[in-house]
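Engineer: So here's data09.tsv (TSV, C-alpha atoms).
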chain	number	residue	atom	x	y	z
W	24	MET	CA	-29.72	-11.43	38.00
W	25	THR	CA	-33.39	-10.93	38.70
W	26	ARG	CA	-36.21	-13.43	38.62
W	27	ARG	CA	-39.17	-12.77	36.31
W	28	ALA	CA	-42.53	-13.89	37.72
W	29	THR	CA	-45.01	-11.23	36.62
W	30	GLY	CA	-47.78	-12.63	34.50
W	31	LEU	CA	-46.47	-16.19	34.31
W	32	VAL	CA	-48.92	-17.62	36.82
W	33	LEU	CA	-51.77	-16.00	34.87
W	34	ALA	CA	-50.39	-17.49	31.66
W	35	PHE	CA	-50.37	-20.94	33.25
W	36	THR	CA	-53.94	-20.44	34.40
W	37	VAL	CA	-55.09	-19.56	30.89
W	38	LEU	CA	-53.17	-22.38	29.21
W	39	LEU	CA	-53.71	-25.13	31.75
W	40	GLY	CA	-56.72	-24.14	33.82
W	41	ALA	CA	-58.99	-26.32	31.72
W	42	VAL	CA	-56.97	-29.45	32.43
W	43	ALA	CA	-55.38	-28.88	35.82
W	44	THR	CA	-56.82	-27.79	39.12
W	45	VAL	CA	-54.74	-25.92	41.70
W	46	ARG	CA	-53.37	-28.66	43.91
W	47	ALA	CA	-50.07	-29.40	45.57
W	48	ASP	CA	-48.43	-30.59	42.34
W	49	SER	CA	-50.13	-28.20	39.88
W	50	PRO	CA	-48.03	-26.05	37.50
W	51	GLU	CA	-48.99	-22.92	39.42
W	52	ALA	CA	-47.92	-24.41	42.75
W	53	THR	CA	-44.70	-25.75	41.22
W	54	PHE	CA	-43.86	-22.36	39.77
W	55	ASP	CA	-44.56	-20.59	43.06
W	56	ALA	CA	-42.39	-23.10	44.93
W	57	ALA	CA	-39.55	-22.65	42.43
W	58	CYS	CA	-39.77	-18.87	42.83
W	59	ARG	CA	-39.57	-19.20	46.62
W	60	ASP	CA	-36.59	-21.52	46.32
W	61	TYR	CA	-34.85	-19.01	44.07
W	62	GLU	CA	-35.51	-16.13	46.45
W	63	GLN	CA	-34.14	-18.21	49.34
W	64	GLY	CA	-30.99	-19.13	47.44
W	65	HIS	CA	-31.92	-22.79	46.92
W	66	TRP	CA	-30.64	-22.84	43.34
W	67	ASP	CA	-30.83	-26.60	42.80
W	68	ALA	CA	-34.44	-26.83	43.92
W	69	ALA	CA	-35.39	-23.74	41.91
W	70	ALA	CA	-33.81	-25.11	38.73
W	71	ASP	CA	-35.49	-28.50	39.21
W	72	GLY	CA	-38.84	-26.79	39.75
W	73	PHE	CA	-38.62	-24.55	36.70
W	74	ARG	CA	-37.36	-27.44	34.56
W	75	SER	CA	-40.22	-29.69	35.64
W	76	LEU	CA	-42.68	-27.19	34.15
W	77	LEU	CA	-41.24	-27.77	30.67
W	78	ARG	CA	-42.90	-31.20	30.58
W	79	TYR	CA	-46.21	-29.40	30.06
W	80	GLY	CA	-44.98	-28.28	26.65
W	81	LEU	CA	-45.03	-24.60	27.58
W	82	SER	CA	-43.07	-22.21	25.40
W	83	ASP	CA	-42.62	-19.15	27.59
W	84	ALA	CA	-39.71	-16.72	27.61
W	85	ARG	CA	-40.14	-15.97	31.32
W	86	LEU	CA	-39.91	-19.64	32.25
W	87	GLU	CA	-36.77	-20.09	30.15
W	88	TYR	CA	-35.32	-16.89	31.65
W	89	ASN	CA	-35.98	-17.98	35.25
W	90	LEU	CA	-34.51	-21.41	34.59
W	91	ALA	CA	-31.43	-19.80	33.01
W	92	ASN	CA	-30.96	-17.59	36.08
W	93	ALA	CA	-31.15	-20.59	38.40
W	94	GLU	CA	-28.67	-22.55	36.27
W	95	TYR	CA	-26.30	-19.57	36.26
W	96	LYS	CA	-26.44	-19.42	40.04
W	97	ARG	CA	-25.64	-23.14	40.15
W	98	GLY	CA	-22.52	-22.49	38.09
W	99	HIS	CA	-23.86	-24.35	35.05
W	100	LEU	CA	-22.77	-21.86	32.39
W	101	GLY	CA	-23.74	-24.00	29.41
W	102	GLU	CA	-27.26	-24.67	30.68
W	103	ALA	CA	-27.68	-20.98	31.53
W	104	ILE	CA	-26.68	-19.81	28.05
W	105	LEU	CA	-28.85	-22.50	26.44
W	106	HIS	CA	-31.97	-21.28	28.23
W	107	TYR	CA	-31.11	-17.58	27.79
W	108	GLU	CA	-30.85	-18.28	24.06
W	109	ARG	CA	-34.23	-20.01	24.09
W	110	ALA	CA	-35.70	-17.08	26.00
W	111	ARG	CA	-34.18	-14.67	23.48
W	112	ARG	CA	-35.75	-16.60	20.60
W	113	LEU	CA	-39.16	-16.17	22.24
W	114	ALA	CA	-38.59	-12.55	23.37
W	115	PRO	CA	-35.82	-11.10	21.17
W	116	ALA	CA	-36.18	-7.51	22.43
W	117	ASP	CA	-36.39	-8.28	26.17
W	118	PRO	CA	-33.68	-6.16	27.84
W	119	ASP	CA	-33.29	-8.46	30.86
W	120	VAL	CA	-32.77	-11.52	28.68
W	121	LEU	CA	-30.23	-9.71	26.50
W	122	ALA	CA	-28.38	-8.28	29.49
W	123	ASN	CA	-28.09	-11.58	31.36
W	124	LEU	CA	-27.14	-13.44	28.17
W	125	ALA	CA	-24.31	-10.94	27.68
W	126	ILE	CA	-23.16	-11.43	31.29
W	127	ALA	CA	-23.12	-15.21	30.86
W	128	ARG	CA	-21.35	-15.04	27.51
W	129	ALA	CA	-18.61	-12.89	29.05
W	130	LYS	CA	-17.58	-15.93	31.12
W	131	ILE	CA	-17.09	-18.25	28.14
W	132	ARG	CA	-13.50	-19.36	27.61
W	133	ASP	CA	-13.87	-19.53	23.82
W	134	VAL	CA	-13.97	-15.97	22.49
W	135	VAL	CA	-14.74	-16.52	18.81
W	136	GLU	CA	-15.45	-13.58	16.56
W	137	ASP	CA	-17.30	-13.77	13.28
W	138	ASP	CA	-14.76	-12.62	10.68
W	139	ASP	CA	-17.55	-11.50	8.35
W	140	ALA	CA	-19.53	-9.59	10.98
W	141	ALA	CA	-17.84	-6.29	11.76
W	142	GLY	CA	-18.71	-2.63	11.71
W	143	VAL	CA	-22.00	-1.86	9.98
W	144	LEU	CA	-22.88	-5.53	9.54
W	145	ARG	CA	-22.49	-6.20	13.27
W	146	SER	CA	-24.73	-3.21	14.06
W	147	LEU	CA	-27.31	-4.44	11.55
W	148	ARG	CA	-27.35	-7.89	13.12
W	149	THR	CA	-27.84	-6.35	16.55
W	150	VAL	CA	-30.92	-4.49	15.28
W	151	GLN	CA	-32.20	-7.65	13.58
W	152	ASP	CA	-31.75	-9.68	16.77
W	153	ARG	CA	-33.65	-7.11	18.82
W	154	LEU	CA	-36.53	-7.01	16.34
W	155	GLY	CA	-36.72	-10.76	15.98
W	156	VAL	CA	-37.87	-12.85	13.04
W	157	SER	CA	-41.62	-12.54	13.73
W	158	ALA	CA	-41.58	-8.74	13.91
W	159	GLN	CA	-39.67	-8.51	10.64
W	160	ALA	CA	-42.12	-10.90	8.98
W	161	GLY	CA	-45.00	-8.70	10.17
W	162	LEU	CA	-43.26	-5.60	8.84
W	163	PHE	CA	-42.75	-7.26	5.47
W	164	ALA	CA	-46.42	-8.23	5.31
W	165	GLY	CA	-47.36	-4.62	6.10
W	166	CYS	CA	-45.13	-3.37	3.28
W	167	VAL	CA	-46.75	-5.78	0.83
W	168	TRP	CA	-50.20	-4.54	1.80
W	169	LEU	CA	-49.03	-0.95	1.40
W	170	VAL	CA	-47.76	-1.66	-2.11
W	171	ALA	CA	-51.06	-3.32	-2.97
W	172	ALA	CA	-52.99	-0.35	-1.57
W	173	ILE	CA	-50.95	2.16	-3.60
W	174	VAL	CA	-51.45	0.15	-6.81
W	175	ALA	CA	-55.17	-0.21	-6.18
W	176	TRP	CA	-55.57	3.48	-5.34
W	177	CYS	CA	-53.70	4.73	-8.39
W	178	GLY	CA	-55.40	2.20	-10.65
W	179	SER	CA	-58.86	3.32	-9.57
W	180	ARG	CA	-58.34	7.08	-9.78
W	181	ALA	CA	-58.86	9.07	-12.96
W	182	GLY	CA	-55.32	10.41	-13.14
W	183	GLY	CA	-53.71	7.02	-12.70
W	184	PHE	CA	-50.06	7.02	-11.66
W	185	THR	CA	-48.76	10.56	-11.34
W	186	PRO	CA	-44.97	11.09	-11.05
W	187	GLY	CA	-45.36	11.62	-7.32
W	188	TRP	CA	-47.24	8.38	-6.80
W	189	GLY	CA	-44.80	6.59	-9.09
W	190	TRP	CA	-41.87	7.61	-6.91
W	191	THR	CA	-43.85	6.69	-3.80
W	192	LEU	CA	-44.50	3.22	-5.22
W	193	ALA	CA	-40.84	2.81	-6.20
W	194	GLY	CA	-39.70	3.78	-2.71
W	195	THR	CA	-42.20	1.43	-1.10
W	196	LEU	CA	-41.10	-1.44	-3.34
W	197	LEU	CA	-37.48	-0.80	-2.41
W	198	ALA	CA	-38.34	-0.73	1.29
W	199	THR	CA	-40.32	-3.96	0.89
W	200	ALA	CA	-37.35	-5.66	-0.78
W	201	LEU	CA	-34.96	-4.53	1.96
W	202	VAL	CA	-37.28	-5.71	4.73
W	203	PHE	CA	-37.66	-9.06	2.96
W	204	LEU	CA	-33.89	-9.50	2.69
W	205	SER	CA	-33.47	-8.57	6.36
W	206	TRP	CA	-36.17	-11.03	7.42
W	207	ARG	CA	-34.75	-13.80	5.24
W	208	SER	CA	-31.20	-13.36	6.55
W	209	SER	CA	-32.42	-13.17	10.16
W	210	TRP	CA	-34.51	-16.31	9.73
W	211	ALA	CA	-31.61	-18.21	8.18
W	212	ARG	CA	-29.20	-17.10	10.93
W	213	LEU	CA	-31.47	-17.44	13.99
W	214	GLU	CA	-34.01	-20.13	13.11
W	215	GLY	CA	-33.32	-21.65	9.72
W	216	THR	CA	-29.89	-22.90	10.78
W	217	PRO	CA	-29.85	-25.26	13.78
W	218	ARG	CA	-27.60	-24.09	16.62
W	219	ALA	CA	-26.46	-25.71	19.84
W	220	VAL	CA	-24.67	-24.84	23.06
W	221	ILE	CA	-21.75	-26.86	24.41
W	222	LEU	CA	-22.70	-28.24	27.84
W	223	LYS	CA	-19.59	-30.25	28.72
W	224	PRO	CA	-16.72	-28.45	30.51
W	225	SER	CA	-14.60	-29.14	27.41
W	226	VAL	CA	-14.82	-31.30	24.31
W	227	GLU	CA	-12.43	-32.00	21.44
W	228	ALA	CA	-13.63	-31.17	17.94
W	229	LEU	CA	-12.34	-33.94	15.68
W	230	ALA	CA	-11.62	-34.11	11.96
W	231	GLY	CA	-14.34	-36.72	11.48
W	232	PRO	CA	-17.14	-38.61	13.26
W	233	GLY	CA	-15.07	-41.07	15.28
W	234	LEU	CA	-12.59	-41.19	18.13
W	235	ASN	CA	-9.86	-42.36	15.74
W	236	ASN	CA	-9.83	-38.92	14.03
W	237	ALA	CA	-7.37	-36.15	14.85
W	238	ALA	CA	-8.36	-33.40	17.28
W	239	LEU	CA	-8.61	-30.02	15.57
W	240	PHE	CA	-9.51	-27.71	18.44
W	241	THR	CA	-11.17	-27.68	21.86
W	242	LEU	CA	-14.59	-26.24	22.67
W	243	HIS	CA	-15.59	-25.20	26.17
W	244	GLU	CA	-18.85	-24.96	28.06
W	245	GLY	CA	-21.22	-22.24	26.89
W	246	THR	CA	-19.89	-21.86	23.35
W	247	THR	CA	-22.64	-21.56	20.73
W	248	VAL	CA	-22.07	-23.50	17.52
W	249	THR	CA	-23.91	-24.08	14.25
W	250	ILE	CA	-24.91	-27.66	13.47
W	251	GLU	CA	-23.95	-28.53	9.90
W	252	SER	CA	-24.85	-32.23	9.92
W	253	ASP	CA	-25.17	-35.23	12.22
W	254	ARG	CA	-24.17	-38.86	11.98
W	255	GLU	CA	-25.27	-41.39	14.60
W	256	SER	CA	-23.77	-40.14	17.89
W	257	TRP	CA	-21.81	-37.26	16.33
W	258	LEU	CA	-22.52	-33.66	15.33
W	259	GLN	CA	-20.57	-31.64	12.79
W	260	VAL	CA	-20.40	-28.11	14.18
W	261	THR	CA	-19.04	-24.79	12.92
W	262	LEU	CA	-17.87	-21.73	14.81
W	263	PRO	CA	-18.63	-18.17	13.66
W	264	ASN	CA	-15.06	-17.82	12.36
W	265	GLY	CA	-15.49	-20.82	10.06
W	266	LEU	CA	-13.69	-23.50	12.10
W	267	THR	CA	-15.51	-26.82	11.80
W	268	GLY	CA	-15.21	-30.22	13.44
W	269	TRP	CA	-17.11	-33.17	14.87
W	270	VAL	CA	-18.15	-33.51	18.52
W	271	VAL	CA	-20.02	-36.24	20.38
W	272	ARG	CA	-23.76	-35.60	20.35
W	273	ASP	CA	-24.23	-35.51	24.12
W	274	ALA	CA	-21.66	-32.70	24.49
W	275	ALA	CA	-24.12	-30.14	23.11
W	276	GLU	CA	-27.85	-29.40	23.15
W	277	ARG	CA	-29.87	-27.71	20.42
W	278	ILE	CA	-31.27	-24.27	21.18
Mind turning the file's structure into structure tokens?

Structural biologist:
Amino acid sequence: MTRRATGLVLAFTVLLGAVATVRADSPEATFDAACRDYEQGHWDAAADGFRSLLRYGLSDARLEYNLANAEYKRGHLGEAILHYERARRLAPADPDVLANLAIARAKIRDVVEDDDAAGVLRSLRTVQDRLGVSAQAGLFAGCVWLVAAIVAWCGSRAGGFTPGWGWTLAGTLLATALVFLSWRSSWARLEGTPRAVILKPSVEALAGPGLNNAALFTLHEGTTVTIESDRESWLQVTLPNGLTGWVVRDAAERI
């Protein structure tokens, strides 16, 4: 697993240069120190350094990726997957993030397949994940503008809508609808629905929010779940295969 440092110091300078000077405890110095600790195999210090930068409110895929790498080296599989997932949300097409996330996921004890995601649908979701929600939203906006341009062009010309332009408009409308559906499903799956990663070595999923309820199944560190609802110190979570149960809130952290 490789560390990603290129461009991050410059990003910190742009974002924080107006409010922080380069001193011993500046974000730039902290990041550099964390990188040195990682290169020297001091995983605990590296993870602490990268994590301390999050207090500045930065949302940076490279920072999340570096923190995930350090947590993976520490043997904290849940924390690693959590931060790889956050990095993937910020940079959905990054090959390093996707590769290391796959490596970490391969070590999860709970191998849960989505019964509804197989064959063509699985391939479609892979493409959607690589594009990301923002790119699909931009593509949809471009399609809308193209439809508007075709309508305006044909409406202003003497011949109006010829058969050729009519078919072109119909094809563009169909493409626009498909892109919209893809964006909407991706948003609902990746961002619209809250997800979390199990951080405890193991936790029992119960039939209800309380220790007096029966245990339904066991979840292990690193498993990604969908949050259906929450009640006080409990979360109702669902696995991709439809299994659902309640776990204590501090056993998982939202992506």

Engineer: Scan for residues within 12 Å of the point (-32.1, -20.4, 13.6) in the coordinates of the file, using all atoms listed in the file, and reply as a PyMOL selection string.

Structural biologist: chain W and resi 108-109+111-113+152+155-156+206-219+247-250+277-278

Engineer: Check the smallest atom-to-atom distance from each of W:Leu234, W:Val150, W:Glu51, W:Phe240 to Ser256 (chain W) using only C-alpha atoms, then report the winner.

Structural biologist: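 Between W:Leu234, W:Val150, W:Glu51, W:Phe240, the residue approaching Ser256 (chain W) most closely is W:Leu234.
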
Engineer: Quick one: contact table of region 111-214 of chain W to region 73-86 of chain W, 12 Å max, nearest atom pair and distance in Å to one decimal per residue, counting all atoms listed in the file, chain and number order, as a Markdown table?

Structural biologist:
| residue | atom | partner | partner_atom | distance |
| --- | --- | --- | --- | --- |
| W:Arg111 | CA | W:Ala84 | CA | 7.2 |
| W:Arg112 | CA | W:Ala84 | CA | 8.1 |
| W:Leu113 | CA | W:Ala84 | CA | 5.4 |
| W:Ala114 | CA | W:Ala84 | CA | 6.1 |
| W:Pro115 | CA | W:Ala84 | CA | 9.4 |
| W:Ala116 | CA | W:Ala84 | CA | 11.1 |
| W:Asp117 | CA | W:Ala84 | CA | 9.2 |
| W:Asp119 | CA | W:Arg85 | CA | 10.2 |
| W:Val120 | CA | W:Ala84 | CA | 8.7 |
| W:Leu121 | CA | W:Ala84 | CA | 11.8 |

Engineer: Figure out the distance between CA of Leu197 (chain W) and CA of Ala181 (chain W), please, to one decimal in Å.

Structural biologist: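 These two atoms are separated by 25.8 Å.
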
Engineer: Would you mind reading off the distance between CA of Asn92 (chain W) and CA of Val134 (chain W), one decimal, in Å?

Structural biologist: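 If I compute the distance from CA of Asn92 (chain W) to CA of Val134 (chain W), I get 21.8 Å.
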
Engineer: Restricting the calculation to all atoms listed in the file, which member of W:Leu222, W:Ala171, W:Cys166, W:Leu100 is positioned closest to Ala200 (chain W)?

Structural biologist: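 Ranking W:Leu222, W:Ala171, W:Cys166, W:Leu100 by distance to Ala200 (chain W), first place goes to W:Cys166.
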
Engineer: Distance CA of Arg148 (chain W)-CA of Ala160 (chain W), one decimal place?

Structural biologist: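 So the answer is 15.6 Å.
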
Engineer: Which one is closest to Thr261 (chain W): W:Ile131, W:Leu229, W:Glu244, W:Thr199? Count only C-alpha atoms.

Structural biologist: W:Leu229

Engineer: Take the point (-20.8, -38.2, 19.1) as written in the file and pick out every residue within 7 Å of it, counting all atoms listed in the file; give the list as a VMD selection string.

Structural biologist: chain W and resid 232 256 to 258 270 to 273

Engineer: Based on the selection just made, write C-alpha atoms of those residues as a PDB file, in the frame of the given file.

Structural biologist:
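Contents of result_31.pdb, freshly written:
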ATOM      1  CA  PRO W 232     -17.140 -38.610  13.260  1.00  0.00           C
ATOM      2  CA  SER W 256     -23.770 -40.140  17.890  1.00  0.00           C
ATOM      3  CA  TRP W 257     -21.810 -37.260  16.330  1.00  0.00           C
ATOM      4  CA  LEU W 258     -22.520 -33.660  15.330  1.00  0.00           C
ATOM      5  CA  VAL W 270     -18.150 -33.510  18.520  1.00  0.00           C
ATOM      6  CA  VAL W 271     -20.020 -36.240  20.380  1.00  0.00           C
ATOM      7  CA  ARG W 272     -23.760 -35.600  20.350  1.00  0.00           C
ATOM      8  CA  ASP W 273     -24.230 -35.510  24.120  1.00  0.00           C
TER       9      ASP W 273
END

Engineer: Calculated over all atoms listed in the file, which of the candidates W:Thr195, W:Gly265, W:Pro224, W:Gly245 has the smallest distance to Leu124 (chain W)?

Structural biologist: W:Gly245

Engineer: For each of W:Arg254, W:Val202, W:Ala158, W:Glu102, take the minimum atom-to-atom distance to Ala275 (chain W), counting only C-alpha atoms, then give the residue where this is smallest.

Structural biologist: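 Result for the nearest residue to Ala275 (chain W): W:Glu102.
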